[in-house]
$ cat model_11.cif   # mmCIF, C-alpha atoms
data_data
#
loop_
_atom_site.label_atom_id
_atom_site.label_comp_id
_atom_site.auth_asym_id
_atom_site.auth_seq_id
_atom_site.Cartn_x
_atom_site.Cartn_y
_atom_site.Cartn_z
CA MET A 1 149.80 30.36 48.57
CA SER A 2 147.78 33.46 48.97
CA ALA A 3 146.49 35.37 51.90
CA VAL A 4 143.74 37.83 52.62
CA VAL A 5 144.37 40.38 55.27
CA LYS A 6 141.86 42.75 56.76
CA THR A 7 142.79 45.50 59.13
CA ALA A 8 140.53 47.10 61.69
CA THR A 9 139.29 50.65 61.37
CA PRO A 10 142.10 52.97 62.34
CA PHE A 11 141.00 55.18 65.22
CA ILE A 12 142.19 58.53 63.93
CA ASN A 13 139.82 60.99 65.52
CA LYS A 14 140.26 61.35 69.25
CA GLU A 15 136.91 63.05 69.81
CA LEU A 16 135.07 60.21 68.07
CA LEU A 17 137.05 57.54 69.88
CA LEU A 18 136.29 59.07 73.27
CA GLN A 19 132.61 59.33 72.39
CA ALA A 20 132.61 55.71 71.19
CA LEU A 21 134.14 54.55 74.48
CA LYS A 22 131.62 56.57 76.42
CA ASN A 23 128.74 55.16 74.37
CA ILE A 24 129.74 51.56 74.98
CA GLY A 25 130.14 52.23 78.69
CA CYS A 26 133.90 52.07 78.90
CA ASN A 27 135.25 54.57 81.40
CA PHE A 28 138.52 56.23 80.60
CA THR A 29 140.98 58.87 81.76
CA LEU A 30 143.28 60.98 79.64
CA GLN A 31 146.98 60.94 80.26
CA GLY A 32 148.91 63.02 77.74
CA ASN A 33 148.27 61.43 74.36
CA ASP A 34 147.09 58.23 75.99
CA ILE A 35 143.52 57.21 76.71
CA LEU A 36 143.52 54.88 79.68
CA THR A 37 140.52 52.59 79.75
CA ASP A 38 139.12 50.96 82.87
CA ARG A 39 140.12 47.58 81.46
CA LYS A 40 142.97 46.18 83.44
CA ASP A 41 145.45 43.44 82.68
CA TYR A 42 148.77 42.23 83.99
CA TYR A 43 150.55 45.48 83.01
CA GLY A 44 147.87 47.79 84.29
CA PHE A 45 145.20 49.73 82.48
CA GLN A 46 144.81 48.90 78.85
CA LYS A 47 145.11 52.05 76.81
CA PHE A 48 144.85 53.68 73.45
CA SER A 49 148.08 55.41 72.55
CA LEU A 50 148.69 57.79 69.67
CA ASN A 51 151.07 56.22 67.22
CA ASN A 52 151.69 57.42 63.66
CA GLY A 53 148.45 59.38 63.55
CA ARG A 54 146.18 56.70 64.93
CA TYR A 55 145.25 55.38 68.34
CA VAL A 56 146.65 51.92 68.91
CA PHE A 57 145.25 49.73 71.68
CA LEU A 58 148.03 48.60 73.96
CA HIS A 59 147.48 45.60 76.18
CA ASP A 60 149.13 42.51 77.52
CA SER A 61 149.08 39.98 74.71
CA SER A 62 147.97 37.27 77.08
CA ALA A 63 144.94 39.37 77.94
CA GLU A 64 143.35 38.07 74.75
CA ILE A 65 142.94 34.79 76.54
CA GLY A 66 141.94 36.61 79.68
CA SER A 67 139.08 34.31 80.39
CA PHE A 68 141.60 31.67 81.29
CA TYR A 69 143.48 33.98 83.63
CA MET A 70 140.29 35.04 85.29
CA THR A 71 139.82 31.50 86.45
CA GLN A 72 143.27 31.41 88.03
CA PRO A 73 144.13 32.45 91.57
CA ASN A 74 145.32 36.08 91.41
CA GLY A 75 144.05 36.23 87.84
CA TYR A 76 143.44 39.78 86.88
CA PRO A 77 139.84 40.90 86.72
CA TRP A 78 138.89 42.87 83.69
CA GLY A 79 135.94 43.02 81.49
CA ASN A 80 133.31 45.23 80.06
CA ILE A 81 132.22 47.50 82.85
CA LYS A 82 128.86 48.18 81.30
CA ASN A 83 127.48 44.70 81.60
CA GLN A 84 130.16 43.28 83.84
CA GLU A 85 130.75 40.48 81.41
CA TYR A 86 134.08 39.38 80.16
CA LYS A 87 135.03 40.57 76.70
CA SER A 88 138.20 39.64 74.96
CA VAL A 89 140.39 42.38 73.52
CA SER A 90 139.21 41.56 70.00
CA GLU A 91 135.56 41.63 71.10
CA PHE A 92 136.15 44.88 72.89
CA LEU A 93 137.89 46.42 69.87
CA LYS A 94 135.14 45.23 67.56
CA THR A 95 132.56 46.91 69.78
CA VAL A 96 134.58 50.13 69.85
CA GLU A 97 135.09 49.92 66.10
CA ASN A 98 131.38 49.53 65.36
CA GLU A 99 130.51 52.49 67.56
CA TYR A 100 133.35 54.57 66.12
CA GLN A 101 132.18 53.81 62.57
CA SER A 102 128.60 54.68 63.46
CA LEU A 103 129.70 58.01 64.97
CA TYR A 104 131.97 58.69 62.02
CA GLN A 105 129.12 58.21 59.53
CA LYS A 106 126.90 60.46 61.64
CA LYS A 107 129.63 63.09 61.70
CA LEU A 108 129.99 62.91 57.91
CA LYS A 109 126.25 63.48 57.50
CA GLU A 110 126.39 66.46 59.87
CA LEU A 111 129.31 67.95 57.95
CA GLU A 112 127.50 67.46 54.65
CA LEU A 113 124.40 69.16 56.05
CA LYS A 114 126.53 71.99 57.38
CA ARG A 115 128.26 72.34 54.01
CA LEU A 116 124.89 72.55 52.24
CA GLU A 117 123.68 75.15 54.75
CA GLU A 118 126.80 77.21 54.18
CA GLU A 119 126.43 76.91 50.41
CA LYS A 120 122.80 78.00 50.68
CA ARG A 121 123.78 80.97 52.84
CA ARG A 122 126.55 81.91 50.38
CA LEU A 123 124.13 81.82 47.43
CA GLU A 124 121.65 83.94 49.36
CA GLN A 125 124.33 86.51 50.22
CA GLU A 126 125.40 86.54 46.57
CA ARG A 127 121.81 87.25 45.49
CA ILE A 128 121.36 90.04 48.03
CA ALA A 129 124.68 91.63 47.05
CA PHE A 130 123.73 91.47 43.38
CA ILE A 131 120.41 93.21 43.99
CA GLU A 132 122.07 95.81 46.20
CA LYS A 133 124.56 96.52 43.43
CA GLN A 134 121.75 96.88 40.88
CA LYS A 135 120.00 99.35 43.16
CA SER A 136 123.04 101.45 44.00
CA THR A 137 124.10 101.63 40.35
CA ILE A 138 120.66 102.80 39.26
CA ILE A 139 120.51 105.40 42.03
CA ALA A 140 123.98 106.72 41.19
CA ARG A 141 123.16 106.95 37.48
CA ALA A 142 119.80 108.60 38.18
CA LYS A 143 121.34 111.24 40.44
CA GLU A 144 124.00 111.92 37.82
CA LYS A 145 121.21 112.62 35.36
CA GLY A 146 119.48 115.01 37.72
CA TYR A 147 116.71 112.79 39.10
CA SER A 148 115.63 112.88 42.68
CA VAL A 149 115.31 109.34 43.97
CA LYS A 150 112.81 107.97 46.43
CA GLU A 151 113.23 104.42 47.62
CA GLU A 152 110.48 102.22 48.99
CA ASN A 153 110.12 98.59 49.90
CA VAL A 154 106.92 97.12 48.51
CA LYS A 155 106.14 93.50 49.35
CA GLY A 156 109.79 92.52 49.36
CA LYS A 157 110.54 94.41 46.16
CA ILE A 158 112.67 97.52 45.95
CA LYS A 159 110.80 100.36 44.35
CA LEU A 160 112.72 103.37 43.09
CA VAL A 161 110.79 106.46 42.01
CA LEU A 162 112.93 108.79 39.94
CA VAL A 163 111.58 112.30 39.33
CA ARG A 164 113.05 115.13 37.31
CA ASN A 165 111.54 118.42 36.23
CA THR A 166 112.40 119.80 32.82
CA TYR A 167 111.54 122.95 30.97
CA SER A 168 109.87 122.13 27.69
CA LYS A 169 108.20 124.22 25.00
CA MET B 170 107.81 122.85 33.69
CA ALA B 171 107.21 119.16 32.95
CA GLU B 172 107.78 116.30 35.31
CA GLN B 173 109.60 113.22 34.10
CA ARG B 174 109.08 110.17 36.23
CA ILE B 175 110.63 106.73 36.09
CA VAL B 176 109.48 103.97 38.40
CA ILE B 177 111.85 101.03 38.75
CA THR B 178 111.18 97.91 40.79
CA ILE B 179 113.73 95.24 41.56
CA ASP B 180 112.23 92.00 42.81
CA GLU B 181 113.81 89.44 45.14
CA ASN B 182 115.34 87.62 42.15
CA GLY B 183 116.91 90.74 40.71
CA ILE B 184 114.33 91.13 37.94
CA ILE B 185 113.89 94.74 37.01
CA ASN B 186 110.66 96.33 35.83
CA ALA B 187 110.73 99.94 34.76
CA SER B 188 108.16 102.34 33.45
CA THR B 189 108.40 105.95 32.36
CA GLU B 190 105.96 108.81 32.41
CA GLY B 191 106.35 112.21 30.82
CA ILE B 192 109.34 111.38 28.69
CA LYS B 193 108.63 111.97 25.04
CA GLY B 194 108.87 109.40 22.23
CA GLU B 195 112.00 107.36 21.81
CA MET B 196 113.67 109.43 24.51
CA CYS B 197 112.10 107.28 27.20
CA LEU B 198 113.76 104.14 25.88
CA ASP B 199 117.09 105.91 25.64
CA GLU B 200 116.71 107.06 29.21
CA LEU B 201 115.96 103.57 30.45
CA GLN B 202 118.84 102.11 28.46
CA LYS B 203 121.22 104.59 30.06
CA LEU B 204 119.97 103.81 33.54
CA LEU B 205 119.84 100.05 33.19
CA SER B 206 122.54 99.23 30.68
CA GLU B 207 124.80 96.34 31.73
CA LEU B 208 122.68 95.67 34.77
CA ALA B 209 120.42 93.16 33.11
CA ASP B 210 119.52 91.70 29.75
CA LEU B 211 116.36 93.16 28.37
CA ASP B 212 113.61 90.63 28.03
CA SER B 213 110.73 92.67 26.73
CA ILE B 214 109.77 96.19 25.89
CA THR B 215 106.11 97.12 25.84
CA LYS B 216 105.26 100.35 24.11
CA THR B 217 101.95 101.84 25.12
CA ASP B 218 99.62 103.60 22.69
CA GLU B 219 100.92 106.87 23.99
CA PHE B 220 104.36 106.04 22.76
CA TYR B 221 103.15 106.33 19.20
CA GLN B 222 101.22 109.52 19.75
CA GLY B 223 104.18 111.78 19.23
CA ASN B 224 106.14 113.99 21.48
CA GLU B 225 103.35 116.10 22.79
CA LEU B 226 101.62 113.41 24.78
CA LYS B 227 102.61 111.72 27.95
CA VAL B 228 104.47 108.59 27.12
CA GLN B 229 104.50 105.54 29.23
CA ASN B 230 106.70 102.67 28.34
CA LYS B 231 107.62 99.61 30.15
CA ILE B 232 110.83 97.74 30.07
CA GLN B 233 111.52 94.45 31.71
CA ASN B 234 114.72 92.53 31.99
CA LYS B 235 115.29 88.82 31.63
CA LYS B 236 114.85 86.58 34.59
CA GLN B 237 118.25 85.82 36.19
#

$ encode --input "model_11.cif" --output "structure tokens"
Amino acid sequence: MSAVVKTATPFINKELLLQALKNIGCNFTLQGNDILTDRKDYYGFQKFSLNNGRYVFLHDSSAEIGSFYMTQPNGYPWGNIKNQEYKSVSEFLKTVENEYQSLYQKKLKELELKRLEEEKRRLEQERIAFIEKQKSTIIARAKEKGYSVKEENVKGKIKLVLVRNTYSK
Amino acid sequence: MAEQRIVITIDENGIINASTEGIKGEMCLDELQKLLSELADLDSITKTDEFYQGNELKVQNKIQNKKQ
């Protein structure tokens, strides 16, 4: 017998998880390392709790069949606040997961763009430093050889005019 | 008293163009080599007619380094 197991996206980044919750309309409060959602079950607010580097969703296991309890007297009311419709824990987590993934991909693109910008800036600084070194070396050598040096900037180019007077026959 | 003049331009890509005036014969190339050595690879040297006219005439030579 064989089995195929698929795990959900681990929620590793707190900032992204909070943004995902906000985006799907789930209100939350922070309590230490816990993120308390506005979803309530028998044991209180369902929450994300940091465990081994990822946020695990803690809830009453019977909440998964919450729709049944909602029909019972004193059944606990919980659901998706945004549209006021019931959503099971798995539906809720799937919604959070999709939003988290979407934000994560967006973040990766932003980081890549930032990396490229930084690389571009580094190359530009390297080029400017190289030219500056060329200039200062030439000026130093020219002065050593007795030239007076005049520096100008002409249309983005550095122009150095070296002049020396000599006595010749 | 004679004036020796060297005009050097460095463009935004680090390409150097240099020309000399009033430096006689081969001396002008030596002078440019001393100023620019190790800074760039020479790409072309253009000797003007004056270069070949001996030491008594004004010499103008141009030297250009390779594109980086």

$ resolve_selection --input "model_11.cif" --expression "the PyMOL selection byres ((chain A) within 8 of (chain B))" --output "JSON, numbers by chain"
{"A": [127, 130, 131, 134, 135, 138, 141, 142, 156, 157, 158, 159, 160, 161, 162, 163, 164, 165, 166, 167, 168]}

$ atom_distance --input "model_11.cif" --atom1 "CA of Asp34 in chain A" --atom2 "CA of Lys107 in chain A"
23.1 Å

$ atom_distance --input "model_11.cif" --atom1 "CA of His59 in chain A" --atom2 "CA of Ala3 in chain A"
26.4 Å

$ atom_distance --input "model_11.cif" --atom1 "CA of Asn98 in chain A" --atom2 "CA of Tyr43 in chain A"
26.4 Å

$ resolve_selection --input "model_11.cif" --expression "the PyMOL selection byres ((chain A and resi 47) around 9)" --output "PDB file with C-alpha atoms, keeping the file's coordinate frame"
ATOM      1  CA  PHE A  28     138.520  56.230  80.600  1.00  0.00           C
ATOM      2  CA  ASP A  34     147.090  58.230  75.990  1.00  0.00           C
ATOM      3  CA  ILE A  35     143.520  57.210  76.710  1.00  0.00           C
ATOM      4  CA  LEU A  36     143.520  54.880  79.680  1.00  0.00           C
ATOM      5  CA  THR A  37     140.520  52.590  79.750  1.00  0.00           C
ATOM      6  CA  ASP A  38     139.120  50.960  82.870  1.00  0.00           C
ATOM      7  CA  ARG A  39     140.120  47.580  81.460  1.00  0.00           C
ATOM      8  CA  PHE A  45     145.200  49.730  82.480  1.00  0.00           C
ATOM      9  CA  GLN A  46     144.810  48.900  78.850  1.00  0.00           C
ATOM     10  CA  PHE A  48     144.850  53.680  73.450  1.00  0.00           C
ATOM     11  CA  SER A  49     148.080  55.410  72.550  1.00  0.00           C
ATOM     12  CA  VAL A  56     146.650  51.920  68.910  1.00  0.00           C
ATOM     13  CA  PHE A  57     145.250  49.730  71.680  1.00  0.00           C
ATOM     14  CA  LEU A  58     148.030  48.600  73.960  1.00  0.00           C
ATOM     15  CA  HIS A  59     147.480  45.600  76.180  1.00  0.00           C
TER      16      HIS A  59
END
